[in-house]
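Visitor: Can you keep this structure in mind? I'll have questions shortly.
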Amino acid sequence: MAGPDEPVDGRSPAEAEVEHLAHLESAALRQGASVSASELEHLPHDIEFGNRLLLHLNTG
């Protein structure tokens with residue numbers, strides 16, 4: 001699962017993941033999609049790097 005960055009402020013990875021999913025749920029609801037954090041957690045997804053990042057990784 002692509003998720004949050006490393007936890008901050010003494011939070012555990014599990015806490016950061018819960019916060020990340022809650023943020024995604026809230027963003028989806030603002031867009032009119034009724035979906036829960038737990039549903040989002042189980043959706044399949046792909047990550048695609050943009051051209052700028054690919055160029056950076058290839059020349060890094």
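In the structure tokens, chains take letters A, B, ... by order of appearance, with residues numbered from 1 within each chain and ligands from 1 in the order shown.
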Can you pull out every residue within 12 Å of Ala37 of chain A, counting only C-alpha atoms, but drop anything in the same chain fewer than 4 positions away, and send it as a count of residues only?

Guide: 17

Visitor: Mind listing the alpha helix (DSSP H) residues of chain A, per DSSP on the backbone, as a VMD selection string?

Guide: chain A and resid 13 to 30 37 to 41 51 to 59

Visitor: So the first atom is atom CA of Leu54 of chain A and the second is atom CA of Ala14 of chain A; what is the distance between them in Å, to one decimal place?

Guide: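 According to the coordinates, atom CA of Leu54 of chain A and atom CA of Ala14 of chain A are separated by 29.5 Å.
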
Visitor: Just the number, please: distance in Å from atom CA of Asp46 of chain A to atom CA of Gly3 of chain A, one decimal.

Guide: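 Value for the atom CA of Asp46 of chain A-atom CA of Gly3 of chain A distance: 12.1 Å.
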
Visitor: List the spatial neighbours of Glu6 of chain A as a VMD selection string - criterion: any atom at most 10 Å away, only C-alpha atoms, same-chain residues fewer than 4 positions off excluded.

Guide: chain A and resid 11 to 13 16 to 17

Visitor: Please produce a file of the residues just selected, as a short mmCIF file (atom, residue, chain, number, x, y, z; two decimals), in the first residue's frame, where the atoms kept are all heavy atoms.

Guide:
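Generated output (again-v3.cif):
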```cif
data_model
loop_
_atom_site.label_atom_id
_atom_site.label_comp_id
_atom_site.auth_asym_id
_atom_site.auth_seq_id
_atom_site.Cartn_x
_atom_site.Cartn_y
_atom_site.Cartn_z
N ARG A 11 4.60 9.36 16.68
CA ARG A 11 3.53 8.45 16.29
C ARG A 11 4.12 7.15 15.77
O ARG A 11 5.21 7.11 15.22
CB ARG A 11 2.66 9.08 15.20
CG ARG A 11 1.87 10.25 15.69
CD ARG A 11 0.88 10.69 14.62
NE ARG A 11 0.05 11.74 15.16
CZ ARG A 11 -0.13 12.91 14.58
NH1 ARG A 11 0.46 13.18 13.44
NH2 ARG A 11 -0.89 13.81 15.13
N SER A 12 3.34 6.09 15.90
CA SER A 12 3.76 4.79 15.38
C SER A 12 3.38 4.70 13.90
O SER A 12 2.53 5.47 13.42
CB SER A 12 3.05 3.67 16.15
OG SER A 12 1.67 3.63 15.81
N PRO A 13 3.98 3.77 13.17
CA PRO A 13 3.57 3.58 11.77
C PRO A 13 2.07 3.27 11.64
O PRO A 13 1.42 3.75 10.71
CB PRO A 13 4.42 2.41 11.31
CG PRO A 13 5.65 2.49 12.15
CD PRO A 13 5.15 2.95 13.51
N ALA A 16 0.15 6.51 11.93
CA ALA A 16 0.31 7.30 10.72
C ALA A 16 -0.57 6.75 9.60
O ALA A 16 -1.16 7.51 8.83
CB ALA A 16 1.77 7.33 10.29
N GLU A 17 -0.67 5.43 9.50
CA GLU A 17 -1.51 4.82 8.47
C GLU A 17 -2.98 5.13 8.70
O GLU A 17 -3.71 5.47 7.76
CB GLU A 17 -1.29 3.31 8.43
CG GLU A 17 -2.06 2.64 7.32
CD GLU A 17 -1.77 1.16 7.20
OE1 GLU A 17 -0.68 0.72 7.61
OE2 GLU A 17 -2.63 0.46 6.68
#
```
